[in-house]
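The file start07.cif comes next; it holds mmCIF, C-alpha atoms and all ligand atoms.
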```cif
data_work
loop_
_atom_site.group_PDB
_atom_site.id
_atom_site.type_symbol
_atom_site.label_atom_id
_atom_site.label_comp_id
_atom_site.auth_asym_id
_atom_site.auth_seq_id
_atom_site.Cartn_x
_atom_site.Cartn_y
_atom_site.Cartn_z
ATOM 1 C CA MET B 1128 122.042 179.529 140.420
ATOM 2 C CA ILE B 1129 121.415 175.844 141.045
ATOM 3 C CA THR B 1130 118.426 175.990 138.757
ATOM 4 C CA PHE B 1131 120.507 177.728 136.157
ATOM 5 C CA ILE B 1132 123.235 175.034 136.235
ATOM 6 C CA PHE B 1133 120.580 172.344 136.071
ATOM 7 C CA MET B 1134 119.017 173.968 133.043
ATOM 8 C CA LYS B 1135 122.402 174.357 131.441
ATOM 9 C CA LYS B 1136 123.116 170.657 131.921
ATOM 10 C CA GLU B 1137 119.744 169.743 130.508
ATOM 11 C CA PHE B 1138 120.383 172.011 127.590
ATOM 12 C CA VAL B 1139 123.786 170.448 126.875
ATOM 13 C CA THR B 1140 122.278 166.949 127.002
ATOM 14 C CA LEU B 1141 119.452 167.958 124.700
ATOM 15 C CA PHE B 1142 121.920 169.623 122.364
ATOM 16 C CA LEU B 1143 124.048 166.463 122.262
ATOM 17 C CA ILE B 1144 121.056 164.246 121.547
ATOM 18 C CA LEU B 1145 119.907 166.549 118.757
ATOM 19 C CA SER B 1146 123.416 166.693 117.254
ATOM 20 C CA VAL B 1147 123.804 162.920 117.242
ATOM 21 C CA SER B 1148 120.372 162.405 115.737
ATOM 22 C CA PHE B 1149 121.056 165.056 113.100
ATOM 23 C CA ALA B 1150 124.405 163.466 112.198
ATOM 24 C CA PHE B 1151 122.735 160.062 111.929
ATOM 25 C CA ARG B 1152 120.012 161.450 109.680
ATOM 26 C CA LEU B 1153 122.601 163.072 107.499
ATOM 27 C CA LEU B 1154 124.483 159.795 107.165
ATOM 28 C CA THR B 1155 121.296 157.908 106.331
ATOM 29 C CA TYR B 1156 120.357 160.588 103.834
ATOM 30 C CA ARG B 1157 123.719 160.295 102.095
ATOM 31 C CA GLU B 1158 123.273 156.537 101.944
ATOM 32 C CA ASN B 1159 119.895 156.909 100.276
ATOM 33 C CA GLN B 1160 121.327 159.361 97.792
ATOM 34 C CA SER B 1161 123.682 156.726 96.445
ATOM 35 C CA GLY B 1162 122.798 155.103 93.146
ATOM 36 C CA ALA B 1163 122.983 151.526 94.413
ATOM 37 C CA PRO B 1164 119.945 150.371 96.372
ATOM 38 C CA PRO B 1165 120.505 150.523 100.147
ATOM 39 C CA TYR B 1166 120.502 146.828 100.410
ATOM 40 C CA GLY B 1167 124.103 145.873 100.919
ATOM 41 C CA LEU B 1168 124.362 142.381 102.287
ATOM 42 C CA SER B 1169 127.601 141.929 104.116
ATOM 43 C CA GLU B 1170 130.408 139.733 102.904
ATOM 44 C CA GLU B 1171 130.006 137.156 105.695
ATOM 45 C CA ASP B 1172 126.553 136.290 104.358
ATOM 46 C CA VAL B 1173 127.926 134.978 101.072
ATOM 47 C CA PRO B 1174 128.598 131.238 100.674
ATOM 48 C CA LYS B 1175 132.297 130.395 100.245
ATOM 49 C CA PHE B 1176 133.813 129.276 96.961
ATOM 50 C CA GLY B 1177 133.473 125.563 96.447
ATOM 51 C CA SER B 1178 130.785 125.257 99.118
ATOM 52 C CA ILE B 1179 128.115 124.819 96.463
ATOM 53 C CA GLU B 1180 128.738 121.555 94.675
ATOM 54 C CA TRP B 1181 126.643 122.179 91.569
ATOM 55 C CA SER B 1182 128.511 125.405 90.870
ATOM 56 C CA ARG B 1183 131.798 123.449 90.610
ATOM 57 C CA GLU B 1184 130.308 121.148 87.989
ATOM 58 C CA TRP B 1185 128.683 123.890 85.984
ATOM 59 C CA VAL B 1186 129.464 124.063 82.256
ATOM 60 C CA ARG B 1187 128.669 127.044 80.062
ATOM 61 C CA PRO B 1188 125.708 126.292 77.752
ATOM 62 C CA ASN B 1189 126.740 125.942 74.119
ATOM 63 C CA VAL B 1190 125.070 129.152 72.897
ATOM 64 C CA PRO B 1191 126.339 132.367 71.293
ATOM 65 C CA ALA B 1192 127.688 135.101 73.590
ATOM 66 C CA LYS B 1193 124.911 136.548 75.678
ATOM 67 C CA VAL B 1194 124.946 139.945 77.401
ATOM 68 C CA ALA B 1195 122.426 141.380 79.864
ATOM 69 C CA ILE B 1196 122.194 145.073 80.624
ATOM 70 C CA GLN B 1197 120.102 145.884 83.656
ATOM 71 C CA ALA B 1198 118.656 149.387 83.697
ATOM 72 C CA GLY B 1199 118.882 150.121 87.424
ATOM 73 C CA HIS B 1200 115.580 150.943 89.193
ATOM 74 C CA TYR B 1201 113.628 150.519 85.942
ATOM 75 C CA MET B 1202 110.110 149.240 86.731
ATOM 76 C CA ASN B 1203 110.949 149.099 90.425
ATOM 77 C CA ASP B 1204 107.291 148.970 91.310
ATOM 78 C CA GLU B 1205 107.049 145.520 89.726
ATOM 79 C CA LEU B 1206 109.695 143.916 91.934
ATOM 80 C CA PRO B 1207 108.528 140.587 93.407
ATOM 81 C CA SER B 1208 107.527 140.289 97.039
ATOM 82 C CA GLU B 1209 110.951 138.982 98.136
ATOM 83 C CA LEU B 1210 112.337 142.385 97.061
ATOM 84 C CA GLU B 1211 109.345 144.417 98.117
ATOM 85 C CA ARG B 1212 111.369 146.855 100.182
ATOM 86 C CA LEU B 1213 113.178 148.049 97.061
ATOM 87 C CA ARG B 1214 109.998 149.034 95.246
ATOM 88 C CA ASP B 1215 110.214 152.623 96.471
ATOM 89 C CA ASN B 1216 113.946 152.977 95.946
ATOM 90 C CA ASP B 1217 114.291 155.281 92.986
ATOM 91 C CA GLY B 1218 118.009 155.901 93.477
ATOM 92 C CA SER B 1219 119.378 159.321 92.650
ATOM 93 C CA ALA B 1220 117.999 162.186 90.587
ATOM 94 C CA GLY B 1221 119.397 165.246 88.846
ATOM 95 C CA GLY B 1222 119.095 167.494 85.817
ATOM 96 C CA GLY B 1223 115.327 166.971 85.832
ATOM 97 C CA LYS B 1224 115.730 163.208 85.434
ATOM 98 C CA HIS B 1225 115.026 160.202 87.584
ATOM 99 C CA GLU B 1226 117.923 157.796 87.768
ATOM 100 C CA TRP B 1227 116.027 155.021 85.981
ATOM 101 C CA GLU B 1228 115.484 157.221 82.909
ATOM 102 C CA VAL B 1229 119.213 157.901 82.640
ATOM 103 C CA ASN B 1230 120.092 154.238 83.251
ATOM 104 C CA LEU B 1231 117.572 153.080 80.657
ATOM 105 C CA ALA B 1232 118.806 155.490 77.974
ATOM 106 C CA ILE B 1233 122.398 154.296 78.426
ATOM 107 C CA SER B 1234 121.308 150.633 78.562
ATOM 108 C CA GLU B 1235 119.280 150.864 75.344
ATOM 109 C CA GLU B 1236 122.204 152.437 73.550
ATOM 110 C CA ILE B 1237 124.584 149.702 74.766
ATOM 111 C CA LYS B 1238 122.158 147.039 73.577
ATOM 112 C CA SER B 1239 121.851 148.552 70.112
ATOM 113 C CA ILE B 1240 125.637 148.912 69.697
ATOM 114 C CA LEU B 1241 126.140 145.285 70.737
ATOM 115 C CA ASN B 1242 123.340 144.119 68.427
ATOM 116 C CA GLU B 1243 124.887 146.047 65.525
ATOM 117 C CA ASN B 1244 128.049 144.068 66.212
ATOM 118 C CA GLY B 1245 126.155 140.797 66.047
ATOM 119 C CA ILE B 1246 126.087 140.219 69.810
ATOM 120 C CA GLU B 1247 122.963 139.071 71.544
ATOM 121 C CA ALA B 1248 122.012 141.527 74.284
ATOM 122 C CA GLU B 1249 118.929 142.169 76.324
ATOM 123 C CA ILE B 1250 117.720 144.833 78.704
ATOM 124 C CA LEU B 1251 116.524 143.741 82.103
ATOM 125 C CA PRO B 1252 114.431 145.875 84.442
ATOM 126 C CA ALA B 1253 114.964 145.932 88.231
ATOM 127 C CA THR B 1254 113.499 142.417 88.369
ATOM 128 C CA ILE B 1255 115.928 139.698 87.258
ATOM 129 C CA PRO B 1256 114.460 136.408 85.993
ATOM 130 C CA PRO B 1257 115.145 133.607 88.515
ATOM 131 C CA ARG B 1258 118.759 132.312 88.441
ATOM 132 C CA TYR B 1259 119.485 134.355 85.370
ATOM 133 C CA TRP B 1260 122.574 133.363 83.436
ATOM 134 C CA ALA B 1261 124.504 135.380 80.827
ATOM 135 C CA ASP B 1262 128.172 135.672 79.863
ATOM 136 C CA VAL B 1263 128.067 139.276 81.032
ATOM 137 C CA PHE B 1264 125.624 141.012 83.349
ATOM 138 C CA ILE B 1265 126.031 144.759 83.879
ATOM 139 C CA ALA B 1266 123.761 146.699 86.203
ATOM 140 C CA ILE B 1267 123.749 150.319 85.033
ATOM 141 C CA HIS B 1268 123.317 152.961 87.722
ATOM 142 C CA ALA B 1269 124.054 156.647 88.293
ATOM 143 C CA ASP B 1270 125.318 157.993 91.573
ATOM 144 C CA GLY B 1271 124.066 160.862 93.663
ATOM 145 C CA SER B 1272 125.456 162.984 96.455
ATOM 146 C CA GLU B 1273 124.364 166.058 98.348
ATOM 147 C CA ASN B 1274 127.848 167.321 97.584
ATOM 148 C CA THR B 1275 127.244 168.396 94.003
ATOM 149 C CA SER B 1276 130.948 168.715 93.250
ATOM 150 C CA LYS B 1277 131.405 164.950 93.664
ATOM 151 C CA ARG B 1278 132.200 163.277 90.342
ATOM 152 C CA GLY B 1279 133.495 160.073 88.800
ATOM 153 C CA PHE B 1280 132.555 156.490 88.067
ATOM 154 C CA LYS B 1281 133.064 153.141 89.737
ATOM 155 C CA ILE B 1282 132.498 149.504 88.899
ATOM 156 C CA ALA B 1283 132.172 146.688 91.439
ATOM 157 C CA LYS B 1284 131.926 142.927 91.357
ATOM 158 C CA PRO B 1285 130.001 140.718 93.811
ATOM 159 C CA TRP B 1286 131.624 139.876 97.170
ATOM 160 C CA ARG B 1287 132.553 136.504 95.752
ATOM 161 C CA ASP B 1288 132.796 136.202 92.004
ATOM 162 C CA PHE B 1289 132.213 132.518 91.308
ATOM 163 C CA SER B 1290 132.961 133.038 87.600
ATOM 164 C CA GLY B 1291 136.460 134.329 88.444
ATOM 165 C CA LYS B 1292 136.241 136.692 85.457
ATOM 166 C CA ALA B 1293 134.738 139.894 86.814
ATOM 167 C CA ASP B 1294 138.113 141.583 87.434
ATOM 168 C CA ARG B 1295 139.026 141.211 83.774
ATOM 169 C CA LEU B 1296 135.644 142.581 82.703
ATOM 170 C CA ILE B 1297 136.104 145.525 85.089
ATOM 171 C CA SER B 1298 139.547 146.346 83.753
ATOM 172 C CA PHE B 1299 138.294 146.514 80.146
ATOM 173 C CA LEU B 1300 135.275 148.585 81.137
ATOM 174 C CA ARG B 1301 137.326 150.914 83.292
ATOM 175 C CA ASP B 1302 139.911 151.572 80.539
ATOM 176 C CA GLU B 1303 137.325 152.249 77.873
ATOM 177 C CA TYR B 1304 135.092 154.394 80.074
ATOM 178 C CA GLN B 1305 137.929 156.509 81.366
ATOM 179 C CA GLU B 1306 139.227 157.089 77.863
ATOM 180 C CA GLU B 1307 135.882 157.821 76.240
ATOM 181 C CA THR B 1308 134.342 160.025 78.960
ATOM 182 C CA GLY B 1309 137.425 161.516 80.616
ATOM 183 C CA PHE B 1310 135.796 160.725 83.983
ATOM 184 C CA SER B 1311 138.054 159.751 86.825
ATOM 185 C CA TRP B 1312 137.816 156.532 88.786
ATOM 186 C CA ASP B 1313 136.055 156.782 92.144
ATOM 187 C CA ASP B 1314 137.485 154.365 94.703
ATOM 188 C CA ASN B 1315 134.528 154.416 97.063
ATOM 189 C CA ILE B 1316 133.062 150.998 96.298
ATOM 190 C CA THR B 1317 130.235 150.477 98.769
ATOM 191 C CA GLN B 1318 128.746 147.453 100.477
ATOM 192 C CA ASN B 1319 125.534 148.319 98.616
ATOM 193 C CA MET B 1320 127.393 147.691 95.385
ATOM 194 C CA ARG B 1321 129.178 144.449 96.286
ATOM 195 C CA GLY B 1322 126.133 143.112 98.085
ATOM 196 C CA TYR B 1323 123.783 144.234 95.292
ATOM 197 C CA TYR B 1324 120.481 142.362 95.463
ATOM 198 C CA ALA B 1325 120.746 141.036 91.896
ATOM 199 C CA PHE B 1326 124.086 139.395 92.822
ATOM 200 C CA SER B 1327 122.582 137.751 95.898
ATOM 201 C CA TRP B 1328 121.524 134.433 94.344
ATOM 202 C CA TRP B 1329 121.848 132.533 97.643
ATOM 203 C CA LYS B 1330 119.254 134.810 99.147
ATOM 204 C CA PHE B 1331 116.827 135.736 96.377
ATOM 205 C CA GLU B 1332 115.261 133.754 93.595
ATOM 206 C CA HIS B 1333 115.277 136.820 91.323
ATOM 207 C CA ALA B 1334 119.035 137.136 91.018
ATOM 208 C CA ILE B 1335 121.799 136.084 88.671
ATOM 209 C CA HIS B 1336 123.140 132.564 88.399
ATOM 210 C CA PRO B 1337 126.421 132.508 90.386
ATOM 211 C CA MET B 1338 128.445 131.634 87.262
ATOM 212 C CA THR B 1339 127.360 134.826 85.528
ATOM 213 C CA THR B 1340 130.197 137.334 85.260
ATOM 214 C CA ALA B 1341 128.524 140.323 86.847
ATOM 215 C CA VAL B 1342 129.327 143.925 87.676
ATOM 216 C CA ILE B 1343 127.473 146.988 88.879
ATOM 217 C CA PHE B 1344 128.465 150.185 87.110
ATOM 218 C CA GLU B 1345 127.959 153.637 88.633
ATOM 219 C CA THR B 1346 128.300 155.669 85.446
ATOM 220 C CA GLY B 1347 128.762 159.097 87.079
ATOM 221 C CA PHE B 1348 127.041 161.494 89.460
ATOM 222 C CA LEU B 1349 123.618 162.634 88.426
ATOM 223 C CA THR B 1350 123.982 165.398 90.989
ATOM 224 C CA ASN B 1351 127.054 166.830 89.242
ATOM 225 C CA TYR B 1352 126.779 169.265 86.359
ATOM 226 C CA TYR B 1353 129.820 167.990 84.463
ATOM 227 C CA ASP B 1354 128.978 164.288 84.801
ATOM 228 C CA ARG B 1355 125.462 165.052 83.539
ATOM 229 C CA GLN B 1356 126.896 166.476 80.312
ATOM 230 C CA ILE B 1357 127.665 162.902 79.380
ATOM 231 C CA ILE B 1358 125.381 160.550 81.279
ATOM 232 C CA VAL B 1359 122.256 162.669 80.686
ATOM 233 C CA ASN B 1360 123.022 164.706 77.577
ATOM 234 C CA GLN B 1361 125.202 162.295 75.610
ATOM 235 C CA PRO B 1362 124.375 158.789 76.826
ATOM 236 C CA ASP B 1363 125.745 157.418 73.542
ATOM 237 C CA ILE B 1364 129.286 158.314 74.675
ATOM 238 C CA ALA B 1365 128.919 156.362 77.925
ATOM 239 C CA ALA B 1366 127.242 153.499 76.056
ATOM 240 C CA GLN B 1367 129.925 153.345 73.368
ATOM 241 C CA ALA B 1368 132.599 152.948 76.035
ATOM 242 C CA ILE B 1369 130.705 150.247 77.915
ATOM 243 C CA ALA B 1370 129.875 148.320 74.725
ATOM 244 C CA LYS B 1371 133.560 148.455 73.707
ATOM 245 C CA GLY B 1372 134.633 147.140 77.103
ATOM 246 C CA VAL B 1373 132.125 144.286 76.847
ATOM 247 C CA MET B 1374 133.326 143.384 73.357
ATOM 248 C CA ARG B 1375 136.955 143.356 74.452
ATOM 249 C CA TYR B 1376 136.003 141.025 77.288
ATOM 250 C CA LEU B 1377 134.014 138.688 75.008
ATOM 251 C CA GLU B 1378 136.968 138.590 72.621
ATOM 252 C CA SER B 1379 139.292 137.676 75.476
ATOM 253 C CA GLU B 1380 136.917 134.811 76.261
ATOM 254 C CA GLY B 1381 137.001 133.676 72.632
ATOM 255 C CA LEU B 1382 133.245 134.225 72.387
ATOM 256 C CA VAL B 1383 133.384 136.798 69.607
ATOM 257 C CA ILE B 1384 135.909 137.351 66.876
ATOM 258 C CA SER B 1385 136.895 140.902 66.051
ATOM 259 C CA ASP B 1386 137.078 142.051 62.433
HETATM 260 ZN ZN ZN B 1401 120.895 153.354 91.310
#
```
Is it possible to express this structure as structure tokens?
Ligand SMILES: [Zn+2]
Amino acid sequence: MITFIFMKKEFVTLFLILSVSFAFRLLTYRENQSGAPPYGLSEEDVPKFGSIEWSREWVRPNVPAKVAIQAGHYMNDELPSELERLRDNDGSAGGGKHEWEVNLAISEEIKSILNENGIEAEILPATIPPRYWADVFIAIHADGSENTSKRGFKIAKPWRDFSGKADRLISFLRDEYQEETGFSWDDNITQNMRGYYAFSWWKFEHAIHPMTTAVIFETGFLTNYYDRQIIVNQPDIAAQAIAKGVMRYLESEGLVISD
């Protein structure tokens, strides 16, 4: 009897340990499924507004409007050594596609729509040139979840937006994307999004200049059948919406004039 109770106790303990470790693994797995690299730097790490003197004195270069579209995870294996731990992070997958393929297709379409409208735009891979500046920087990603019914899109700005313009950019993008795709807004902005490595200029050389108006855009869930109908099968619809949002923002900045 004593032996039996002892064994029972041992069993319960073992069961508890296994349950906790399983739950932890599940959580970690979910994290890795997300489209944004698991790299979220916390808010406390970010320098405060005004703490960087040169950023207060910064003046926009006198050049035409410039837009950068980063195809998330594209050419990950070429990330510099400071970002070495992201080289294997391929993000999500679904519908027979790697996330980077989906991100790249949407990014290329955005670039060509902007170019057709006379706006200078370039595609960036996972590696950002050191202290990269543009009027608009959008990192294109696609989400993933083990719950395949999860859908929707979300857009986040850096923890501290030194440009002060990211909210306006987000509102234009959100309106256009919602209207064009019919997708609903997903409120679950993660630390991995706001602490995105390419926003983390105080930490990495290969990041945006702090005065770049930057957002990270999770265009939909690659693991969801309905979201894939647009982000995989009709990337031009997603791209059209994003390009429109960018143009509305540039107009509001007086950097382009609409016809
Ligand atoms: Zn991603």
**OP:** Calculate how many Å separate atom CA of Arg1375 of chain B from atom CA of Leu1349 of chain B, rounding to one decimal.
**Re:**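 Between these atoms lies a distance of 27.3 Å.
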Subject >> All residues having an atom within 12 Å of ligand ZN 1401 (chain B) (only C-alpha atoms and all ligand atoms) as a PyMOL selection string >> reply: chain B and resi 1158-1166+1197-1201+1203+1213+1215-1220+1225-1231+1253+1266-1272+1319-1320+1323-1324+1343-1349
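With atom CA of Ala1261 of chain B on one side and atom CA of Ile1316 of chain B on the other, the separation reads 23.6 Å.
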Edge lengths and centre in Å to one decimal, as AutoDock Vina command-line options, of the axis-aligned box that encloses all listed atoms of segment 1291-1305 of chain B with 4 Å added on every side?
```
--center_x 137.3 --center_y 145.4 --center_z 83.2 --size_x 13.2 --size_y 30.2 --size_z 18.6
```
Original post:
Near Lys1238 of chain B, within 9 Å and counting only C-alpha atoms, which residues show up once chain neighbours fewer than 6 positions away are dropped, as a list in words?
Top reply: Val1194, Ala1195, Ile1196, Ile1246, Glu1247, Ala1248, Glu1249, Ile1250, Ala1366 and Ala1370 of chain B
Save out the residues we just selected, C-alpha atoms, as an mmCIF file, in the coordinates of the input.
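To be explicit, this is the file written out as part14.cif:
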```cif
data_model
loop_
_atom_site.group_PDB
_atom_site.id
_atom_site.type_symbol
_atom_site.label_atom_id
_atom_site.label_comp_id
_atom_site.auth_asym_id
_atom_site.auth_seq_id
_atom_site.Cartn_x
_atom_site.Cartn_y
_atom_site.Cartn_z
ATOM 1 C CA VAL B 1194 124.946 139.945 77.401
ATOM 2 C CA ALA B 1195 122.426 141.380 79.864
ATOM 3 C CA ILE B 1196 122.194 145.073 80.624
ATOM 4 C CA ILE B 1246 126.087 140.219 69.810
ATOM 5 C CA GLU B 1247 122.963 139.071 71.544
ATOM 6 C CA ALA B 1248 122.012 141.527 74.284
ATOM 7 C CA GLU B 1249 118.929 142.169 76.324
ATOM 8 C CA ILE B 1250 117.720 144.833 78.704
ATOM 9 C CA ALA B 1366 127.242 153.499 76.056
ATOM 10 C CA ALA B 1370 129.875 148.320 74.725
#
```
Subject >> Residues selected by the PyMOL selection byres (((chain B and resi 1289) around 6) and not hetatm), written as a ChimeraX atom specification >> reply: /B:1287-1288,1290-1291,1337-1338
**OP:** Identify the residues within 12 Å of coordinate (136.4, 135.6, 75.0) (same frame as the file), considering only C-alpha atoms, and give the answer as a PyMOL selection string.
**Re:** chain B and resi 1191-1193+1262-1263+1292+1295-1296+1372-1385
**OP:** Grab the atom CA of Asp1294 of chain B to atom CA of Ser1276 of chain B distance for me, in Å with one decimal place.
**Re:**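 For atom CA of Asp1294 of chain B relative to atom CA of Ser1276 of chain B, the distance reads 28.7 Å.
Distances to Asp1204 of chain B were evaluated for B:Thr1254, B:Asp1172, B:Asn1315, B:Ala1365 using all atoms listed in the file, and the minimum falls at B:Thr1254.
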Original post:
On this structure, which residues satisfy the PyMOL selection byres (((chain B and resi 1175) around 12) and not hetatm), written as number ranges by chain?
Top reply: B: 1170-1174, 1176-1180, 1182-1183, 1286-1289, 1329, 1337
Original post:
How would you write, as number ranges by chain, the residues chosen by the PyMOL selection byres (((chain B and resi 1236) around 10) and not hetatm) on this structure?
Top reply: B: 1231-1235, 1237-1242, 1362-1367, 1369-1370
Subject >> Option closest in space to Asn1274 of chain B, from B:Tyr1352, B:Thr1308, B:Pro1257, B:Ser1298 [counting all atoms listed in the file] >> reply: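 Comparing B:Tyr1352, B:Thr1308, B:Pro1257, B:Ser1298 against Asn1274 of chain B, the winner is B:Tyr1352.
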